[in-house]
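Following: one structure in structure tokens, then a few remarks.
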Amino acid sequence: MLTILAAGSVFFPGLFLLSKQCLKWIPALRWSERDAVIVSARLVSSVQAVMASSAGYIIASSCEDIIEDQHWLTCSYIMFAVPYFVYDIYAMFMCYWYKLQVKGHEEASAVPRHMSSALSSYLRREFLMVLHHVVMVTVCFPVSVFWRQGKGDYFQGVMFMAELSTPSVCLGKILIQYKQQHTLLHKVNGALMLITFFVCRVLLFPYLYYVYGRYASIPFHMVPLAVPWHCNLGAALLMAPQLYWFSLICRGALRLFRGTSRSQRPHGSTAKEQQQQQQQQTDGTALPQPSNGYSTRPTEPELATH
């Protein structure tokens, strides 16, 4: 067990460092430290998501009895993935720190100048995501490995497959980073992200309740009354942030739709907007456009990747 834990502790940070160095030193790329860190963090999150989803499919498909059947991969992957959540708190902070450096060219007075103040700002802004990761390590890990006593591997496998939505979330962040919101890839990925997040995360616990209802031969609406109260509490606490993050994805999709609609306005209004932009540039009030793909507008809170 400790060997698997150590392997995860080496694999995820090691993959991050390897990816960052490759992006910085491959002659055809030569990315900056900032861009290499941000893209590498998204890459590691996507790799973890693919591994978790694959493990979840293997586990769920092998369990005929959803309560009693066991699969060795369940506890093994949990042990392997626990270090990822610790590493990812650090990786998210590094992404946040480098984004602040970019914003510093535009809004120097609003950006924390010291690492300690940046850390405090990061914890305030990303409190929900950091709390999610801490709970995964301190609560979900011991419950899944020790408290279950080998029961319910099927449910654990299905929950692993919730990570199917993570790669599209990570790709969407990268496309926004490089101002590719106008591309067909961004629109297709946005639709895929909306669908996969809704199916894999929002519908996750209703599906698990439905499956248990069929197993126990009780109506769906009676399942919450039949299962232990702490199962309902855990499901509610895990479901709440998923609903919040899904609302953010819906807002982003709505903004994308409205932006597409505005781009199809008559040329007269477009010319008026261009005239206003030229006036701002003449007055010296327009913000400089960063060359690395970061928007000068305030950003939405980070979406879930896990």
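The way I read the labels, and the way they are meant: chains A, B, ... in the order of the structure tokens, residue 1 as the first residue of every chain, and ligand 1 as the first ligand shown, with later ones counted on from there.
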
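For segment 198-206 of chain A, the residues within 7 Å (counting only C-alpha atoms, excluding itself and residues fewer than 5 positions away along the chain) are Met161, Ala162, Leu164, Ser165, Ala235, Gln242 and Leu243 of chain A.
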
Checklist line | Residue neighbourhood segment 179-191 of chain A, 7 Å, only C-alpha atoms, exclusion window fewer than 3 positions, as a VMD selection string | finding: chain A and resid 168 172 175 to 176 194 to 195 253 293

Checklist line | Residues flagged helix (DSSP H, G or I) by DSSP in segment 46-286 of chain A, as a ChimeraX atom specification | finding: /A:46-62,72-104,108-110,115-125,127-147,153-177,184-202,204-216,220-226,229-263,267-283

Next item on the list: Calculate how many Å separate atom CA of Ala60 of chain A from atom CA of Cys75 of chain A, rounding to one decimal.
Entry: 13.4 Å

Item checked: Closest of A:Trp147, A:Trp229, A:Tyr209, A:Phe160 to Ile78 of chain A - atom-to-atom distances counting only C-alpha atoms ->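 Closest residue, counting only C-alpha atoms: A:Phe160.
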
Give me, as a Markdown table, each residue of segment 108-177 of chain A that comes within 7 Å of segment 42-50 of chain A, together with its shortest interatomic pair and the distance in Å at one decimal, counting only C-alpha atoms, with rows ordered by chain and rising residue number.
| residue | atom | partner | partner_atom | distance |
| --- | --- | --- | --- | --- |
| A:Glu163 | CA | A:Ala49 | CA | 4.9 |
| A:Leu164 | CA | A:Ala49 | CA | 6.2 |
| A:Thr166 | CA | A:Ala49 | CA | 6.1 |
| A:Pro167 | CA | A:Ser46 | CA | 4.7 |
| A:Cys170 | CA | A:Arg42 | CA | 5.3 |

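Our summary of the geometry notes that atom CA of Phe220 of chain A is positioned 17.2 Å from atom CA of Ile67 of chain A.
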
Margin query: Would you compute the distance between atom CA of Ile89 of chain A and atom CA of Leu256 of chain A? Give it in Å to one decimal.
Written below: 28.8 Å

Margin query: I'd like the neighbourhood of Val86 of chain A as an NGL selection string, where a residue qualifies if any of its atoms comes within 10 Å (using only C-alpha atoms), though same-chain residues fewer than 2 positions away should be ignored.
Written below: :A and (9 or 12-13 or 81-84 or 88-91 or 130 or 133-134 or 136-137)
